[in-house]
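Colleague: The file below is run_22.txt, compact mmCIF, C-alpha atoms (C1' of nucleotides):
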# COMPACT_ATOMS: atom_id res chain seq x y z
CA MET A 1 7.15 18.68 -0.64
CA LEU A 2 10.78 17.77 -1.14
CA THR A 3 12.15 21.07 0.12
CA ARG A 4 11.76 22.33 3.66
CA PRO A 5 8.15 23.45 4.24
CA ALA A 6 7.69 27.19 4.61
CA THR A 7 3.97 27.95 4.96
CA THR A 8 1.55 26.45 7.47
CA LYS A 9 -0.10 24.55 4.67
CA GLU A 10 3.18 23.00 3.60
CA LYS A 11 4.10 22.16 7.16
CA LEU A 12 0.84 20.32 7.64
CA MET A 13 1.29 18.36 4.42
CA ARG A 14 4.88 17.49 5.20
CA THR A 15 3.99 16.37 8.72
CA ALA A 16 1.15 14.20 7.48
CA MET A 17 3.53 12.64 4.98
CA ASP A 18 6.08 11.86 7.66
CA ILE A 19 3.51 10.29 9.94
CA VAL A 20 2.07 8.09 7.21
CA ALA A 21 5.56 7.04 6.19
CA GLY A 22 6.54 6.29 9.76
CA ASP A 23 3.47 4.67 11.26
CA GLY A 24 0.90 4.22 8.51
CA PHE A 25 -2.37 5.89 7.63
CA ALA A 26 -4.10 4.83 10.83
CA ALA A 27 -1.62 6.92 12.81
CA ALA A 28 -2.26 10.02 10.72
CA THR A 29 -5.09 11.47 12.80
CA THR A 30 -5.96 15.16 12.64
CA ALA A 31 -4.91 15.55 16.26
CA HIS A 32 -1.58 13.90 15.65
CA ILE A 33 -0.82 15.81 12.45
CA ALA A 34 -1.67 19.19 13.96
CA GLU A 35 0.22 18.58 17.16
CA ARG A 36 3.40 17.39 15.47
CA ALA A 37 3.26 20.26 12.97
CA GLY A 38 3.01 22.67 15.87
CA PHE A 39 -0.53 23.93 15.31
CA ALA A 40 -3.95 23.47 16.83
CA GLU A 41 -6.34 20.97 15.33
CA GLY A 42 -8.79 23.64 14.20
CA THR A 43 -6.10 25.34 12.13
CA LEU A 44 -5.93 22.33 9.88
CA TYR A 45 -9.46 23.03 8.69
CA ARG A 46 -8.61 26.61 7.73
CA HIS A 47 -6.29 25.19 5.09
CA PHE A 48 -8.03 22.01 4.02
CA LYS A 49 -11.66 21.02 3.71
CA SER A 50 -10.99 17.61 5.21
CA LYS A 51 -8.23 15.28 6.30
CA ASP A 52 -8.50 13.31 3.08
CA GLU A 53 -8.07 16.47 1.05
CA LEU A 54 -4.90 17.24 2.97
CA LEU A 55 -3.46 13.82 2.18
CA ILE A 56 -4.43 14.01 -1.47
CA ALA A 57 -2.90 17.47 -1.77
CA ALA A 58 0.32 16.20 -0.22
CA TYR A 59 0.48 13.34 -2.70
CA ARG A 60 -0.15 15.57 -5.71
CA GLN A 61 2.46 18.03 -4.57
CA LEU A 62 4.97 15.26 -3.99
CA LYS A 63 4.47 13.79 -7.44
CA ALA A 64 4.69 17.21 -9.04
CA ASP A 65 7.93 18.00 -7.22
CA VAL A 66 9.51 14.69 -8.17
CA PHE A 67 8.47 15.13 -11.79
CA ASP A 68 9.93 18.62 -11.95
CA ARG A 69 13.18 17.58 -10.34
CA VAL A 70 13.60 14.59 -12.61
CA SER A 71 12.65 16.18 -15.91
CA ALA A 72 14.83 19.19 -15.16
CA GLU A 73 17.93 17.05 -14.82
CA THR A 74 17.29 14.56 -17.57
CA GLY A 75 16.57 15.73 -21.11
CA ASN A 76 19.99 16.49 -22.48
CA ALA A 77 20.84 12.92 -23.34
CA THR A 78 20.19 11.77 -26.86
CA ASP A 79 20.26 8.01 -27.23
CA PRO A 80 17.61 5.91 -25.50
CA LYS A 81 19.99 3.94 -23.33
CA ALA A 82 21.59 7.07 -21.92
CA ARG A 83 18.16 8.56 -21.28
CA LEU A 84 16.99 5.44 -19.49
CA ALA A 85 20.11 5.52 -17.34
CA ALA A 86 19.72 9.21 -16.58
CA LEU A 87 16.08 8.82 -15.57
CA TRP A 88 16.89 5.86 -13.36
CA ARG A 89 19.66 7.76 -11.61
CA ASP A 90 17.58 10.90 -11.18
CA MET A 91 14.73 9.02 -9.58
CA TRP A 92 17.11 7.08 -7.42
CA THR A 93 18.79 10.27 -6.23
CA VAL A 94 15.56 12.08 -5.48
CA TYR A 95 13.92 9.28 -3.52
CA ALA A 96 17.06 8.09 -1.79
CA ALA A 97 17.43 11.59 -0.41
CA ASP A 98 13.91 11.55 1.01
CA MET A 99 12.81 8.11 2.06
CA SER A 100 9.82 9.51 3.89
CA ALA A 101 8.49 10.88 0.62
CA PHE A 102 9.16 7.57 -1.08
CA ILE A 103 7.33 5.49 1.52
CA PHE A 104 4.41 7.91 1.64
CA GLY A 105 4.06 7.68 -2.12
CA GLN A 106 4.00 3.89 -2.01
CA ARG A 107 1.47 3.73 0.80
CA PHE A 108 -0.78 6.34 -0.74
CA ALA A 109 -0.81 4.53 -4.08
CA GLU A 110 -2.05 1.37 -2.35
CA SER A 111 -4.64 3.20 -0.26
CA ALA A 112 -8.27 3.78 -1.13
CA LEU A 113 -7.50 7.50 -1.46
CA SER A 114 -5.67 6.88 -4.70
CA LYS A 115 -9.06 6.16 -6.22
CA ALA A 116 -10.19 9.70 -5.41
CA GLU A 117 -6.90 11.13 -6.61
CA GLY A 118 -7.26 9.52 -9.99
CA GLY A 119 -3.63 8.78 -10.68
CA ALA A 120 -3.11 11.75 -12.99
CA ALA A 121 -0.03 12.76 -11.01
CA HIS A 122 1.61 9.44 -11.73
CA GLU A 123 0.66 9.43 -15.40
CA ARG A 124 3.01 12.26 -16.24
CA MET A 125 5.97 10.22 -15.12
CA ILE A 126 4.78 7.29 -17.17
CA GLY A 127 4.53 9.61 -20.16
CA HIS A 128 8.10 10.60 -19.64
CA ILE A 129 9.45 7.10 -19.97
CA ARG A 130 7.04 6.24 -22.74
CA GLY A 131 8.74 8.93 -24.79
CA ILE A 132 12.07 7.20 -24.34
CA ILE A 133 10.57 3.84 -25.24
CA GLU A 134 8.88 5.01 -28.41
CA ASP A 135 11.98 6.81 -29.65
CA GLY A 136 14.00 3.69 -28.98
CA GLN A 137 11.53 1.54 -30.87
CA LYS A 138 11.55 3.90 -33.85
CA ALA A 139 15.33 3.72 -33.92
CA GLY A 140 15.10 -0.06 -33.92
CA LEU A 141 17.05 -0.34 -30.67
CA VAL A 142 14.20 -1.37 -28.38
CA ARG A 143 12.11 -4.49 -28.90
CA GLN A 144 8.58 -4.19 -30.24
CA ALA A 145 6.69 -4.97 -27.07
CA PRO A 146 3.81 -2.91 -25.66
CA PRO A 147 5.13 0.17 -23.84
CA GLU A 148 3.24 -0.91 -20.69
CA THR A 149 5.32 -4.06 -20.59
CA LEU A 150 8.56 -2.17 -21.05
CA VAL A 151 7.57 0.29 -18.33
CA ALA A 152 6.97 -2.70 -16.03
CA PHE A 153 10.67 -3.51 -16.34
CA PHE A 154 11.76 0.00 -15.45
CA PHE A 155 9.88 1.56 -12.52
CA PRO A 156 8.96 -1.59 -10.60
CA PRO A 157 12.52 -2.95 -10.27
CA LEU A 158 13.74 0.52 -9.35
CA VAL A 159 11.06 0.81 -6.70
CA ALA A 160 11.82 -2.67 -5.40
CA MET A 161 15.46 -1.74 -4.94
CA LEU A 162 14.52 1.48 -3.16
CA LYS A 163 12.28 -0.52 -0.84
CA GLN A 164 15.19 -2.74 0.07
CA ARG A 165 17.23 0.38 0.68
CA VAL A 166 14.61 1.46 3.19
CA GLN A 167 15.14 -1.86 4.95
CA GLY A 168 18.83 -1.10 5.24
CA ARG A 169 20.27 -2.72 2.11
CA ALA A 170 23.16 -0.55 0.90
CA TRP A 171 23.62 -0.43 -2.88
CA SER A 172 27.01 0.21 -4.38
CA GLU A 173 27.53 2.30 -7.49
CA ALA A 174 28.46 -0.87 -9.39
CA GLU A 175 25.24 -2.58 -8.35
CA ILE A 176 23.14 0.34 -9.51
CA GLU A 177 25.05 0.35 -12.76
CA ALA A 178 24.31 -3.37 -13.15
CA ALA A 179 20.60 -2.83 -12.47
CA ILE A 180 20.43 -0.22 -15.21
CA GLU A 181 22.14 -2.65 -17.55
CA MET A 182 19.54 -5.25 -16.69
CA ALA A 183 16.68 -2.88 -17.40
CA TRP A 184 18.21 -2.08 -20.75
CA ALA A 185 18.80 -5.76 -21.46
CA SER A 186 15.13 -6.49 -20.83
CA TRP A 187 14.21 -3.81 -23.34
CA THR A 188 16.53 -5.02 -26.05
CA GLY A 189 16.61 -8.77 -25.50
CA MET B 1 -7.95 -18.35 1.57
CA LEU B 2 -8.05 -19.12 -2.14
CA THR B 3 -10.72 -21.79 -1.86
CA ARG B 4 -14.25 -21.17 -0.72
CA PRO B 5 -14.31 -20.52 3.05
CA ALA B 6 -15.90 -23.29 5.12
CA THR B 7 -15.59 -22.41 8.79
CA THR B 8 -16.70 -19.22 10.51
CA LYS B 9 -13.09 -18.25 10.98
CA GLU B 10 -12.37 -18.62 7.30
CA LYS B 11 -15.50 -16.73 6.34
CA LEU B 12 -14.47 -13.82 8.51
CA MET B 13 -10.97 -13.74 7.03
CA ARG B 14 -12.20 -14.00 3.48
CA THR B 15 -14.76 -11.25 4.01
CA ALA B 16 -12.19 -8.96 5.57
CA MET B 17 -9.94 -9.59 2.59
CA ASP B 18 -12.67 -8.73 0.12
CA ILE B 19 -13.54 -5.51 1.93
CA VAL B 20 -9.93 -4.35 2.09
CA ALA B 21 -9.48 -5.19 -1.58
CA GLY B 22 -12.64 -3.37 -2.55
CA ASP B 23 -12.68 -0.29 -0.38
CA GLY B 24 -9.43 -0.16 1.56
CA PHE B 25 -8.45 -0.73 5.15
CA ALA B 26 -10.52 2.14 6.48
CA ALA B 27 -13.66 0.37 5.27
CA ALA B 28 -12.76 -2.86 7.04
CA THR B 29 -14.47 -2.14 10.36
CA THR B 30 -15.44 -4.93 12.72
CA ALA B 31 -19.11 -4.08 12.19
CA HIS B 32 -18.77 -4.20 8.42
CA ILE B 33 -16.77 -7.42 8.36
CA ALA B 34 -19.15 -9.26 10.69
CA GLU B 35 -22.27 -8.06 8.94
CA ARG B 36 -21.07 -8.98 5.46
CA ALA B 37 -19.83 -12.35 6.66
CA GLY B 38 -23.27 -13.00 8.14
CA PHE B 39 -22.36 -12.99 11.83
CA ALA B 40 -22.73 -10.72 14.80
CA GLU B 41 -19.89 -8.43 15.76
CA GLY B 42 -19.25 -10.21 19.04
CA THR B 43 -18.67 -13.50 17.22
CA LEU B 44 -15.57 -12.05 15.61
CA TYR B 45 -13.91 -11.85 19.01
CA ARG B 46 -14.56 -15.53 19.73
CA HIS B 47 -12.23 -16.35 16.84
CA PHE B 48 -9.68 -13.54 16.96
CA LYS B 49 -8.17 -11.53 19.76
CA SER B 50 -8.45 -8.32 17.80
CA LYS B 51 -9.24 -6.96 14.37
CA ASP B 52 -5.57 -6.59 13.55
CA GLU B 53 -4.99 -10.22 14.40
CA LEU B 54 -7.76 -11.20 12.01
CA LEU B 55 -6.16 -9.24 9.19
CA ILE B 56 -2.71 -10.61 9.90
CA ALA B 57 -4.06 -14.15 10.00
CA ALA B 58 -5.78 -13.60 6.66
CA TYR B 59 -2.54 -12.37 5.11
CA ARG B 60 -0.48 -15.27 6.45
CA GLN B 61 -3.03 -17.77 5.24
CA LEU B 62 -3.15 -16.15 1.83
CA LYS B 63 0.61 -16.23 1.39
CA ALA B 64 0.76 -19.82 2.57
CA ASP B 65 -1.95 -20.86 0.12
CA VAL B 66 -0.27 -19.12 -2.79
CA PHE B 67 3.07 -20.65 -1.92
CA ASP B 68 1.60 -24.15 -1.74
CA ARG B 69 -0.24 -23.78 -4.99
CA VAL B 70 2.78 -22.42 -6.82
CA SER B 71 5.40 -24.81 -5.50
CA ALA B 72 3.11 -27.76 -6.13
CA GLU B 73 2.84 -26.98 -9.82
CA THR B 74 6.39 -25.84 -10.49
CA GLY B 75 9.31 -28.09 -9.58
CA ASN B 76 9.46 -30.56 -12.44
CA ALA B 77 11.31 -28.27 -14.80
CA THR B 78 15.04 -28.58 -14.93
CA ASP B 79 16.72 -25.68 -16.66
CA PRO B 80 16.55 -22.23 -15.06
CA LYS B 81 14.73 -20.53 -17.90
CA ALA B 82 11.95 -23.10 -17.88
CA ARG B 83 11.66 -22.81 -14.13
CA LEU B 84 11.48 -19.04 -14.31
CA ALA B 85 8.75 -19.31 -16.93
CA ALA B 86 6.82 -21.89 -14.92
CA LEU B 87 6.93 -19.81 -11.75
CA TRP B 88 5.81 -16.70 -13.59
CA ARG B 89 2.88 -18.53 -15.16
CA ASP B 90 1.86 -20.18 -11.90
CA MET B 91 1.78 -16.92 -10.03
CA TRP B 92 -0.04 -15.25 -12.86
CA THR B 93 -2.67 -17.99 -12.92
CA VAL B 94 -3.21 -18.00 -9.17
CA TYR B 95 -3.56 -14.24 -8.77
CA ALA B 96 -5.44 -13.65 -12.00
CA ALA B 97 -8.06 -16.09 -10.73
CA ASP B 98 -8.47 -14.17 -7.49
CA MET B 99 -7.90 -10.47 -7.91
CA SER B 100 -9.33 -9.76 -4.48
CA ALA B 101 -6.56 -11.82 -2.93
CA PHE B 102 -3.99 -10.05 -5.06
CA ILE B 103 -5.14 -6.55 -4.13
CA PHE B 104 -5.42 -7.44 -0.46
CA GLY B 105 -1.86 -8.74 -0.51
CA GLN B 106 -0.57 -5.54 -2.07
CA ARG B 107 -2.44 -3.30 0.34
CA PHE B 108 -1.46 -5.28 3.37
CA ALA B 109 2.21 -5.22 2.40
CA GLU B 110 2.10 -1.40 2.28
CA SER B 111 0.17 -1.08 5.53
CA ALA B 112 1.62 -0.61 8.99
CA LEU B 113 0.38 -4.11 9.87
CA SER B 114 3.09 -5.65 7.72
CA LYS B 115 5.53 -4.48 10.37
CA ALA B 116 3.78 -6.65 12.97
CA GLU B 117 3.56 -9.54 10.53
CA GLY B 118 7.27 -9.53 9.94
CA GLY B 119 7.31 -10.52 6.30
CA ALA B 120 8.18 -14.16 6.96
CA ALA B 121 5.30 -15.26 4.76
CA HIS B 122 6.74 -13.43 1.81
CA GLU B 123 10.28 -14.65 2.39
CA ARG B 124 9.44 -18.20 1.46
CA MET B 125 8.45 -17.13 -2.03
CA ILE B 126 11.66 -15.14 -2.36
CA GLY B 127 13.56 -18.24 -1.32
CA HIS B 128 11.87 -20.16 -4.10
CA ILE B 129 13.12 -17.88 -6.83
CA ARG B 130 16.51 -17.50 -5.21
CA GLY B 131 16.97 -21.20 -5.73
CA ILE B 132 16.39 -20.79 -9.44
CA ILE B 133 18.77 -17.85 -9.59
CA GLU B 134 21.60 -19.57 -7.79
CA ASP B 135 21.33 -22.71 -9.88
CA GLY B 136 21.38 -20.57 -13.00
CA GLN B 137 24.44 -18.72 -11.83
CA LYS B 138 26.28 -21.95 -11.03
CA ALA B 139 25.50 -23.21 -14.52
CA GLY B 140 26.90 -19.99 -15.95
CA LEU B 141 23.61 -19.08 -17.60
CA VAL B 142 22.61 -16.22 -15.32
CA ARG B 143 24.70 -13.10 -14.82
CA GLN B 144 26.67 -12.65 -11.62
CA ALA B 145 24.56 -9.94 -10.02
CA PRO B 146 23.23 -10.02 -6.43
CA PRO B 147 20.15 -12.26 -6.18
CA GLU B 148 18.17 -9.32 -4.73
CA THR B 149 18.72 -7.43 -7.95
CA LEU B 150 17.66 -10.37 -10.08
CA VAL B 151 14.56 -10.88 -7.96
CA ALA B 152 13.72 -7.20 -8.54
CA PHE B 153 13.40 -8.01 -12.23
CA PHE B 154 11.06 -10.91 -11.65
CA PHE B 155 8.31 -10.27 -9.09
CA PRO B 156 7.94 -6.51 -9.48
CA PRO B 157 7.28 -6.52 -13.24
CA LEU B 158 4.89 -9.44 -12.79
CA VAL B 159 3.06 -7.58 -10.06
CA ALA B 160 2.96 -4.41 -12.16
CA MET B 161 1.34 -6.29 -15.00
CA LEU B 162 -1.21 -7.85 -12.65
CA LYS B 163 -2.03 -4.40 -11.33
CA GLN B 164 -2.74 -3.24 -14.84
CA ARG B 165 -4.93 -6.27 -15.30
CA VAL B 166 -6.95 -5.14 -12.30
CA GLN B 167 -7.45 -1.84 -14.09
CA GLY B 168 -8.89 -3.67 -17.06
CA ARG B 169 -5.82 -4.20 -19.26
CA ALA B 170 -6.22 -7.54 -21.02
CA TRP B 171 -2.97 -9.44 -21.63
CA SER B 172 -2.67 -11.85 -24.52
CA GLU B 173 -0.75 -15.09 -24.31
CA ALA B 174 1.89 -13.63 -26.63
CA GLU B 175 2.34 -10.61 -24.39
CA ILE B 176 2.84 -12.76 -21.32
CA GLU B 177 5.30 -14.84 -23.28
CA ALA B 178 7.18 -11.68 -24.22
CA ALA B 179 7.27 -10.49 -20.61
CA ILE B 180 8.82 -13.77 -19.51
CA GLU B 181 11.40 -13.37 -22.27
CA MET B 182 12.20 -9.91 -20.99
CA ALA B 183 12.66 -11.14 -17.45
CA TRP B 184 15.03 -13.80 -18.71
CA ALA B 185 16.87 -11.28 -20.88
CA SER B 186 17.44 -9.07 -17.85
CA TRP B 187 18.96 -12.04 -16.03
CA THR B 188 21.27 -13.04 -18.84
CA GLY B 189 22.16 -9.76 -20.44
C1' DG C 1 -20.62 -20.80 19.25
C1' DT C 2 -23.45 -17.09 18.45
C1' DC C 3 -26.22 -13.14 19.57
C1' DT C 4 -27.74 -8.64 21.90
C1' DA C 5 -26.61 -4.87 24.47
C1' DT C 6 -23.45 -1.73 26.03
C1' DA C 7 -19.29 0.57 27.71
C1' DC C 8 -15.63 3.47 26.37
C1' DA C 9 -12.26 5.86 23.72
C1' DG C 10 -10.86 8.25 19.91
C1' DG C 11 -11.41 10.76 15.65
C1' DG C 12 -13.35 14.25 12.37
C1' DA C 13 -15.19 18.42 12.14
C1' DT C 14 -17.36 23.08 13.67
C1' DA C 15 -18.18 27.48 16.49
C1' DG C 16 -16.59 31.36 18.13
C1' DA C 17 -13.12 34.21 20.73
C1' DC C 18 -8.72 36.48 20.03
C1' DG D 1 -4.79 32.92 10.88
C1' DT D 2 -4.71 30.55 14.97
C1' DC D 3 -6.43 28.66 19.24
C1' DT D 4 -9.78 26.62 22.70
C1' DA D 5 -13.71 24.21 23.58
C1' DT D 6 -16.98 21.11 22.27
C1' DC D 7 -20.27 18.16 19.66
C1' DC D 8 -21.35 13.98 17.64
C1' DC D 9 -20.49 9.85 15.64
C1' DT D 10 -18.13 5.72 14.73
C1' DG D 11 -15.25 1.97 15.94
C1' DT D 12 -13.20 -1.51 19.09
C1' DA D 13 -13.94 -4.48 22.48
C1' DT D 14 -16.42 -6.80 26.48
C1' DA D 15 -20.34 -8.89 29.33
C1' DG D 16 -23.59 -11.95 29.72
C1' DA D 17 -27.83 -14.44 28.01
C1' DC D 18 -29.18 -18.19 24.96
Will you turn the file into structure tokens for me?

Modeller:
Amino acid sequence: MLTRPATTKEKLMRTAMDIVAGDGFAAATTAHIAERAGFAEGTLYRHFKSKDELLIAAYRQLKADVFDRVSAETGNATDPKARLAALWRDMWTVYAADMSAFIFGQRFAESALSKAEGGAAHERMIGHIRGIIEDGQKAGLVRQAPPETLVAFFFPPLVAMLKQRVQGRAWSEAEIEAAIEMAWASWTG
Amino acid sequence: MLTRPATTKEKLMRTAMDIVAGDGFAAATTAHIAERAGFAEGTLYRHFKSKDELLIAAYRQLKADVFDRVSAETGNATDPKARLAALWRDMWTVYAADMSAFIFGQRFAESALSKAEGGAAHERMIGHIRGIIEDGQKAGLVRQAPPETLVAFFFPPLVAMLKQRVQGRAWSEAEIEAAIEMAWASWTG
DNA sequence: GTCTATACAGGGATAGAC
DNA sequence: GTCTATCCCTGTATAGAC
């Protein structure tokens, strides 16, 4: 979902994603998706049982791709702070390079479809950072707060900054550096 | 929008809000809204030009109500840390008491309608916390980072914790206290 | 202000030929 | 696998009586 779509199925998913990101779920009609992907409407139903299934498949694929990309690049670092920084930068890089994917992910997560999806795709990413947190707590570097709280000071600020980037806010390297410092400061106190 | 609806107009807005919060925007049809509010479908159009206008009006009203409630309670505190804590607690109290309003706000903000709304309603709340930040920076208590960055370590973690609350996560007083400490730690380093 | 009835368009999904 | 044609239903909005 992050690379250029090759198959018809991928093209349909990618197109749906772009439409949702650009004009919202209401604009993502089967007619619109098929037309913009360059296929007939009937073709869509040869690849997906329903429109909702198409959107859910696109979301799952997106999350899987992001997870793979991020966990492939991170992982070498040893101390918790370096791992936090690496994960932040990886996610930033991936989403900044594909704002359409980022916006789609946000919108999907707030839609009623996320109920049907279950949220399993997102859980893996949470597990990733939980590992960093728990190692840091064992080493006595990270404060003894519930992991959920610590996670709330990692992803949400990152996402908020990406959202501002969508609106045109340019972030310098120094500002990103500072944000990572702030996340770490919240973890350590 | 946070108190019990009195007029027909308010009843329609409140019902629309509850439906969106419960089953998403797709479920908020004019027929469904009118029926659940106890009116005929045609009545809706005596109070609003369109369905979208109804939803936008509900969002604006909600944001205005939350802003009034929060700024009425906060304001007495003097030092930045106490003001941060007071604002956090106020917002927590308001939204925790009305999860439907909270979810509607989140969903609306990620919908295409937010484009038409403009985001002015949300800006006032941002302005509120910016005041705290700038005073803190002048006093040399808060780090010299861009206010946008500091805001990203206030609202987003708070919202993330409220979202978990919606999912059934119970937060103790001590945990909320700790979260406020973490927000402050991120601001001071 | 509210209701009933209705017009009208648009959207999801299927059938069947190629 | 893909396209064309089509069905049916739902959703928005209006007209007009009470």

Colleague: When you get a sec, could you note down which chain A residues fall within 12 Å of chain C, using only C-alpha atoms (C1' of nucleotides), as a ChimeraX atom specification?

Modeller: /A:26-32,41-46,48-52

Colleague: Between B:Thr3, B:Arg165, B:Arg107, B:Ala121, which has the minimum distance to chain A (counting all atoms listed in the file)?

Modeller: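 The shortest atom-to-atom distance to chain A comes from B:Arg107.
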
Colleague: Go through chain D and flag each residue having an atom no more than 8 Å from chain A; for those, report the closest pair of atoms plus their distance in Å to one decimal, using all atoms listed in the file, ordered by chain and rising number, as a Markdown table.

Modeller:
| residue | atom | partner | partner_atom | distance |
| --- | --- | --- | --- | --- |
| D:DG1 | C1' | A:Thr43 | CA | 7.8 |
| D:DT2 | C1' | A:Thr43 | CA | 6.1 |
| D:DC3 | C1' | A:Ala40 | CA | 6.2 |

Colleague: CA of Asp135 (chain B) to CA of Ala170 (chain A): how many Å, to one decimal?

Modeller: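 Going from CA of Asp135 (chain B) over to CA of Ala170 (chain A) covers 24.7 Å.
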
Colleague: What are the residues of chain B that have an atom within 7 Å of an atom of chain A, counting all atoms listed in the file, as a list in words?

Modeller: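 So the residues of chain B near chain A are Asp23, Gly24, Arg107, Glu110, Ser111, Ala112, Thr149, Ala152, Phe153, Pro156, Pro157, Ala160, Met161, Ala179, Met182, Ala183, Ala185, Ser186, Trp187 and Gly189 of chain B.
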
Colleague: Using the selection just defined, write its residues with C-alpha atoms as a PDB file, in the coordinates of the input.

Modeller:
ATOM      1  CA  ASP B  23     -12.680  -0.290  -0.380  1.00  0.00           C
ATOM      2  CA  GLY B  24      -9.430  -0.160   1.560  1.00  0.00           C
ATOM      3  CA  ARG B 107      -2.440  -3.300   0.340  1.00  0.00           C
ATOM      4  CA  GLU B 110       2.100  -1.400   2.280  1.00  0.00           C
ATOM      5  CA  SER B 111       0.170  -1.080   5.530  1.00  0.00           C
ATOM      6  CA  ALA B 112       1.620  -0.610   8.990  1.00  0.00           C
ATOM      7  CA  THR B 149      18.720  -7.430  -7.950  1.00  0.00           C
ATOM      8  CA  ALA B 152      13.720  -7.200  -8.540  1.00  0.00           C
ATOM      9  CA  PHE B 153      13.400  -8.010 -12.230  1.00  0.00           C
ATOM     10  CA  PRO B 156       7.940  -6.510  -9.480  1.00  0.00           C
ATOM     11  CA  PRO B 157       7.280  -6.520 -13.240  1.00  0.00           C
ATOM     12  CA  ALA B 160       2.960  -4.410 -12.160  1.00  0.00           C
ATOM     13  CA  MET B 161       1.340  -6.290 -15.000  1.00  0.00           C
ATOM     14  CA  ALA B 179       7.270 -10.490 -20.610  1.00  0.00           C
ATOM     15  CA  MET B 182      12.200  -9.910 -20.990  1.00  0.00           C
ATOM     16  CA  ALA B 183      12.660 -11.140 -17.450  1.00  0.00           C
ATOM     17  CA  ALA B 185      16.870 -11.280 -20.880  1.00  0.00           C
ATOM     18  CA  SER B 186      17.440  -9.070 -17.850  1.00  0.00           C
ATOM     19  CA  TRP B 187      18.960 -12.040 -16.030  1.00  0.00           C
ATOM     20  CA  GLY B 189      22.160  -9.760 -20.440  1.00  0.00           C
TER      21      GLY B 189
END

Colleague: So how far away is CA of Ala16 (chain B) from CA of Ala58 (chain B), in Å?

Modeller: 8.0 Å

Colleague: Grab the CA of Val70 (chain B) to CA of Met91 (chain B) distance for me, in Å with one decimal place.

Modeller: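 Between CA of Val70 (chain B) and CA of Met91 (chain B) the gap is 6.4 Å.
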